[in-house]
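**Q** Provided below: run_14.pdb, containing PDB, C-alpha atoms.
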ATOM      1  CA  MET J   1       8.541   8.839  -2.514
ATOM      2  CA  ASP J   2       5.206   8.669  -0.790
ATOM      3  CA  GLN J   3       4.716   9.504   2.872
ATOM      4  CA  ALA J   4       4.054   5.910   3.978
ATOM      5  CA  LEU J   5       7.314   4.680   2.491
ATOM      6  CA  TRP J   6       9.245   7.609   3.954
ATOM      7  CA  GLU J   7       7.807   6.768   7.367
ATOM      8  CA  ALA J   8       8.817   3.127   6.892
ATOM      9  CA  PHE J   9      12.391   4.298   6.300
ATOM     10  CA  GLU J  10      12.222   6.335   9.481
ATOM     11  CA  ARG J  11      10.981   3.305  11.428
ATOM     12  CA  LEU J  12      14.070   1.323  10.363
ATOM     13  CA  GLU J  13      15.792   2.995  13.324
ATOM     14  CA  HIS J  14      12.966   2.443  15.819
ATOM     15  CA  GLU J  15      13.836   0.999  19.245
ATOM     16  CA  ASP J  16      11.172  -1.714  19.007
ATOM     17  CA  LYS J  17      12.449  -4.712  17.015
ATOM     18  CA  GLN J  18       8.981  -5.657  15.770
ATOM     19  CA  ILE J  19       8.339  -2.181  14.398
ATOM     20  CA  ARG J  20      11.813  -2.104  12.862
ATOM     21  CA  TYR J  21      11.288  -5.509  11.235
ATOM     22  CA  GLN J  22       7.903  -4.563   9.751
ATOM     23  CA  ALA J  23       9.450  -1.376   8.384
ATOM     24  CA  PHE J  24      12.238  -3.459   6.859
ATOM     25  CA  LEU J  25       9.696  -5.739   5.153
ATOM     26  CA  ASP J  26       7.787  -2.728   3.821
ATOM     27  CA  VAL J  27      10.929  -1.095   2.438
ATOM     28  CA  MET J  28      12.187  -4.328   0.881
ATOM     29  CA  ALA J  29       8.837  -4.919  -0.819
ATOM     30  CA  ALA J  30       8.834  -1.388  -2.230
ATOM     31  CA  ALA J  31      12.450  -1.674  -3.397
ATOM     32  CA  GLU J  32      11.692  -4.931  -5.209
ATOM     33  CA  GLU J  33      10.194  -3.010  -8.119
ATOM     34  CA  GLU J  34      11.921  -0.412 -10.253
ATOM     35  CA  ASN J  35      11.164   2.988  -8.802
ATOM     36  CA  THR J  36      11.862   6.691  -9.057
ATOM     37  CA  TRP J  37      12.592   7.301  -5.371
ATOM     38  CA  SER J  38      15.836   5.347  -4.959
ATOM     39  CA  TYR J  39      17.978   8.486  -4.771
ATOM     40  CA  ASP J  40      15.788   9.896  -1.999
ATOM     41  CA  VAL J  41      17.314   7.316   0.357
ATOM     42  CA  TRP J  42      20.519   6.389  -1.454
ATOM     43  CA  ASP J  43      22.978   8.557   0.490
ATOM     44  CA  ARG J  44      21.512   7.534   3.817
ATOM     45  CA  CYS J  45      21.877   3.851   2.937
ATOM     46  CA  ALA J  46      25.373   4.396   1.559
ATOM     47  CA  GLN J  47      26.452   6.017   4.837
ATOM     48  CA  ASP J  48      24.996   3.139   6.834
ATOM     49  CA  LEU J  49      27.237   0.619   5.054
ATOM     50  CA  THR J  50      29.971   1.626   7.493
ATOM     51  CA  HIS J  51      27.761   2.279  10.529
ATOM     52  CA  ARG J  52      28.899   0.810  13.864
ATOM     53  CA  ASP J  53      25.577  -1.046  14.232
ATOM     54  CA  PRO J  54      25.686  -4.343  12.289
ATOM     55  CA  HIS J  55      21.905  -4.270  11.778
ATOM     56  CA  ARG J  56      22.189  -0.901  10.057
ATOM     57  CA  ARG J  57      25.017  -2.209   7.852
ATOM     58  CA  ALA J  58      23.031  -5.294   6.842
ATOM     59  CA  THR J  59      19.843  -3.345   6.202
ATOM     60  CA  ALA J  60      21.645  -0.721   4.131
ATOM     61  CA  ALA J  61      23.390  -3.377   2.055
ATOM     62  CA  GLN J  62      20.176  -5.245   1.354
ATOM     63  CA  ILE J  63      18.314  -2.089   0.372
ATOM     64  CA  LEU J  64      21.073  -0.788  -1.905
ATOM     65  CA  CYS J  65      21.378  -4.154  -3.630
ATOM     66  CA  ARG J  66      17.660  -4.026  -4.418
ATOM     67  CA  LEU J  67      17.828  -0.396  -5.521
ATOM     68  CA  ALA J  68      20.568  -1.111  -8.070
ATOM     69  CA  LYS J  69      17.970  -1.757 -10.759
ATOM     70  CA  SER J  70      16.568   1.734 -10.102
ATOM     71  CA  ASP J  71      19.956   3.402 -10.470
ATOM     72  CA  PRO J  72      20.225   4.984 -13.939
ATOM     73  CA  GLU J  73      23.161   7.139 -12.776
ATOM     74  CA  GLU J  74      25.063   3.968 -11.797
ATOM     75  CA  ARG J  75      25.812   5.266  -8.316
ATOM     76  CA  ILE J  76      26.163   1.639  -7.261
ATOM     77  CA  PHE J  77      29.759   1.711  -8.470
ATOM     78  CA  ALA J  78      30.589   4.466  -5.971
ATOM     79  CA  VAL J  79      29.547   2.182  -3.097
ATOM     80  CA  PHE J  80      30.417  -1.177  -4.650
ATOM     81  CA  SER J  81      33.551  -1.733  -2.570
ATOM     82  CA  ASP J  82      31.712  -0.786   0.633
ATOM     83  CA  LEU J  83      28.928  -3.222  -0.267
ATOM     84  CA  TYR J  84      31.500  -5.916  -0.937
ATOM     85  CA  ASP J  85      33.127  -5.188   2.421
ATOM     86  CA  VAL J  86      29.809  -5.839   4.166
ATOM     87  CA  THR J  87      29.815  -9.342   2.615
ATOM     88  CA  ARG J  88      32.975  -9.868   4.689
ATOM     89  CA  ASP J  89      31.648  -8.221   7.850
ATOM     90  CA  PRO J  90      33.064  -9.394  11.211
ATOM     91  CA  LYS J  91      29.484 -10.225  12.246
ATOM     92  CA  PHE J  92      28.745 -13.319  10.183
ATOM     93  CA  VAL J  93      24.983 -12.802  10.093
ATOM     94  CA  THR J  94      25.514  -9.271   8.753
ATOM     95  CA  ALA J  95      27.907 -10.556   6.113
ATOM     96  CA  ARG J  96      25.529 -13.320   5.136
ATOM     97  CA  HIS J  97      22.530 -11.019   4.701
ATOM     98  CA  ALA J  98      24.619  -8.753   2.481
ATOM     99  CA  LEU J  99      26.004 -11.669   0.490
ATOM    100  CA  GLN J 100      22.557 -13.157  -0.086
ATOM    101  CA  SER J 101      21.396  -9.858  -1.602
ATOM    102  CA  PHE J 102      24.570  -9.003  -3.512
ATOM    103  CA  TRP J 103      23.479 -10.749  -6.735
ATOM    104  CA  ARG J 104      20.634  -8.253  -7.115
ATOM    105  CA  ILE J 105      23.126  -5.554  -8.090
ATOM    106  CA  GLY J 106      23.527  -7.474 -11.342
ATOM    107  CA  LEU J 107      19.950  -6.638 -12.299
ATOM    108  CA  GLY J 108      21.002  -3.010 -12.797
ATOM    109  CA  GLY J 109      22.654  -3.575 -16.172
ATOM    110  CA  THR J 110      25.456  -5.328 -18.009
ATOM    111  CA  ARG J 111      28.304  -3.530 -16.228
ATOM    112  CA  GLN J 112      26.721  -4.222 -12.863
ATOM    113  CA  LYS J 113      26.172  -7.876 -13.730
ATOM    114  CA  GLU J 114      29.793  -8.307 -14.792
ATOM    115  CA  ALA J 115      31.042  -6.589 -11.635
ATOM    116  CA  VAL J 116      28.861  -8.813  -9.447
ATOM    117  CA  VAL J 117      30.000 -12.032 -11.108
ATOM    118  CA  GLU J 118      33.637 -10.979 -10.800
ATOM    119  CA  ALA J 119      33.230 -10.005  -7.137
ATOM    120  CA  LEU J 120      31.378 -13.213  -6.271
ATOM    121  CA  GLU J 121      34.037 -15.278  -8.008
ATOM    122  CA  TYR J 122      36.717 -13.553  -5.945
ATOM    123  CA  ARG J 123      34.707 -14.021  -2.741
ATOM    124  CA  PHE J 124      34.195 -17.720  -3.557
ATOM    125  CA  ARG J 125      37.928 -18.220  -3.979
ATOM    126  CA  GLU J 126      39.022 -16.158  -0.973
ATOM    127  CA  CYS J 127      36.626 -17.631   1.593
ATOM    128  CA  ILE J 128      38.199 -21.101   1.662
ATOM    129  CA  PHE J 129      40.122 -20.328   4.850
ATOM    130  CA  GLU J 130      37.170 -18.775   6.675
ATOM    131  CA  LYS J 131      35.169 -20.497   9.382
ATOM    132  CA  ASN J 132      31.928 -20.751   7.397
ATOM    133  CA  ASP J 133      33.379 -21.224   3.929
ATOM    134  CA  THR J 134      30.797 -23.801   2.838
ATOM    135  CA  LEU J 135      27.871 -21.539   3.767
ATOM    136  CA  ILE J 136      29.522 -18.611   2.017
ATOM    137  CA  ARG J 137      30.153 -20.668  -1.101
ATOM    138  CA  SER J 138      26.619 -22.001  -1.056
ATOM    139  CA  ASP J 139      25.205 -18.465  -0.764
ATOM    140  CA  ILE J 140      27.393 -17.324  -3.656
ATOM    141  CA  LEU J 141      26.254 -20.154  -5.903
ATOM    142  CA  GLU J 142      22.619 -19.549  -4.961
ATOM    143  CA  GLY J 143      23.057 -15.878  -5.802
ATOM    144  CA  LEU J 144      24.606 -16.719  -9.154
ATOM    145  CA  LYS J 145      21.724 -19.111  -9.825
ATOM    146  CA  MET J 146      19.158 -16.413  -9.083
ATOM    147  CA  LEU J 147      21.015 -13.934 -11.286
ATOM    148  CA  PHE J 148      21.128 -16.530 -14.059
ATOM    149  CA  ASP J 149      17.408 -17.256 -13.660
ATOM    150  CA  GLU J 150      16.604 -13.538 -13.915
ATOM    151  CA  THR J 151      18.908 -12.762 -16.849
ATOM    152  CA  GLY J 152      19.354 -16.038 -18.730
ATOM    153  CA  ASP J 153      23.034 -15.167 -19.212
ATOM    154  CA  ALA J 154      24.846 -18.435 -20.007
ATOM    155  CA  ALA J 155      28.171 -16.925 -18.917
ATOM    156  CA  ILE J 156      26.878 -16.851 -15.340
ATOM    157  CA  LYS J 157      26.088 -20.553 -15.421
ATOM    158  CA  ALA J 158      29.495 -21.300 -16.925
ATOM    159  CA  LYS J 159      31.177 -19.314 -14.141
ATOM    160  CA  ALA J 160      29.170 -21.130 -11.460
ATOM    161  CA  LEU J 161      30.123 -24.522 -12.903
ATOM    162  CA  GLU J 162      33.749 -23.417 -13.017
ATOM    163  CA  LEU J 163      33.593 -22.409  -9.359
ATOM    164  CA  MET J 164      32.007 -25.710  -8.352
ATOM    165  CA  ASP J 165      34.938 -27.520  -9.966
ATOM    166  CA  ILE J 166      37.287 -25.692  -7.603
ATOM    167  CA  GLU J 167      35.669 -27.427  -4.632
ATOM    168  CA  ASP J 168      37.717 -30.538  -3.878
ATOM    169  CA  ARG J 169      35.535 -31.814  -1.035
ATOM    170  CA  GLU J 170      33.132 -34.223  -2.711
ATOM    171  CA  LYS J 171      30.393 -33.769  -0.111
ATOM    172  CA  TYR J 172      30.195 -30.041  -0.779
ATOM    173  CA  GLN J 173      30.651 -30.355  -4.510
ATOM    174  CA  LYS J 174      27.472 -32.467  -4.594
ATOM    175  CA  LYS J 175      25.668 -29.956  -2.384
ATOM    176  CA  TYR J 176      26.663 -27.123  -4.691
ATOM    177  CA  MET J 177      25.602 -29.059  -7.785
ATOM    178  CA  ASN J 178      22.132 -29.491  -6.263
ATOM    179  CA  ILE J 179      21.746 -25.714  -6.262
ATOM    180  CA  TRP J 180      22.097 -25.713 -10.045
ATOM    181  CA  LYS J 181      19.812 -28.653 -10.856
TER     182      LYS J 181
END
Would you encode the structure as structure tokens?
**A**
Amino acid sequence: MDQALWEAFERLEHEDKQIRYQAFLDVMAAAEEENTWSYDVWDRCAQDLTHRDPHRRATAAQILCRLAKSDPEERIFAVFSDLYDVTRDPKFVTARHALQSFWRIGLGGTRQKEAVVEALEYRFRECIFEKNDTLIRSDILEGLKMLFDETGDAAIKAKALELMDIEDREKYQKKYMNIWK
């Protein structure tokens, strides 16, 4: 990991929101590509999944989801349940940021992809009684769409269509179908 990226990671905890946000953008851009430095920051991010600060939890979740494709040791499975828990965080914005990144774990390989689809299916089904169920379901279907677009795996599309059929509110069923046009 080069010095500039290491410093960006350090600035993720800066007091100034603007500095913290720019550091976040820099780290996310670097994590977008496969890399050899993922394990340099892995443990730190894994610990932050349960941090008391919701910003730290959200940031850690988003980074780890992006790093999954640079995880030849498949460490993602050791933190998978913690990542999933962040998608159900008491702070809705934290949960939503984690959920919107969760699909990226599936880019790490076949096992990861299968685990993500299974977890997102479960989340889709369980969220029906939550306050923001339609946003959660929409985010899940958008994530599945992005994973499908990246992998071309027809099973993902079939699962998404199956989940849309569960929705019995016509208004939302149409909204969800628009995601997959």
**Q** Counting all atoms listed in the file, what is within 7 Å of stretch 69-76 of chain J, bar same-chain residues fewer than 2 positions away, as a PyMOL selection string?
**A** chain J and resi 34-36+38+66-67+78-80+105+107-108
**Q** Report as a ChimeraX atom specification the residues that result from applying the PyMOL selection byres ((chain J and resi 96) around 12) to the structure here.
**A** /J:54-55,57-59,61-62,83-95,97-102,132-140,143
**Q** Emit as lines of an AutoDock Vina configuration file the padded axis-aligned box for all listed atoms of stretch 116-129 of chain J, 3 Å per side, with centre and edge lengths in Å to one decimal.
**A**
center_x = 34.5
center_y = -15.0
center_z = -3.1
size_x = 17.3
size_y = 18.3
size_z = 22.0
**Q** Would you compute the distance between atom CA of J:Trp103 and atom CA of J:Ala23? Give it in Å to one decimal.
**A**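 These atoms are spaced 22.7 Å apart.
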**Q** Which value, in Å to one decimal, gives the distance between atom CA of J:Trp42 and atom CA of J:Gly152?
**A** 28.3 Å
**Q** Which residues fall under the PyMOL selection byres ((chain J and resi 144) around 8) in this file, as a list in words?
**A**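 On this input, the PyMOL selection byres ((chain J and resi 144) around 8) captures Trp103, Val117, Ile140, Leu141, Glu142, Gly143, Lys145, Met146, Leu147, Phe148, Ile156, Lys157 and Ala160 of chain J.
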**Q** Output the residue selection produced by the PyMOL selection byres ((chain J and resi 4-17) around 12) on the file above, formatted as a PyMOL selection string.
**A** chain J and resi 1-3+18-31+37-38+40-42+44-45+48+53+55-60+63
**Q** My list of candidates is J:Lys131, J:Phe77, J:Asp149, J:Lys174. Which is closest to J:Ala115 when distances are computed with all atoms listed in the file?
**A**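 Of the candidates, the smallest distance to J:Ala115 is held by J:Phe77.
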**Q** Which polymer residues have any atom within 10 Å of an atom of J:Arg125, counting all atoms listed in the file, with same-chain residues fewer than 5 positions away left out, as number ranges by chain?
**A** J: 119-120, 133, 137, 163, 166-167
**Q** What is the distance between atom CA of J:Gln173 and atom CA of J:Phe124, in Å to one decimal?
**A**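 About the pair atom CA of J:Gln173 and atom CA of J:Phe124: they are 13.2 Å apart.
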**Q** From the list J:Ile128, J:Arg52, J:Glu118, J:Ala155, which residue is nearest J:Arg169 when using all atoms listed in the file?
**A**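 Going through J:Ile128, J:Arg52, J:Glu118, J:Ala155 one by one, the smallest distance to J:Arg169 is for J:Ile128.
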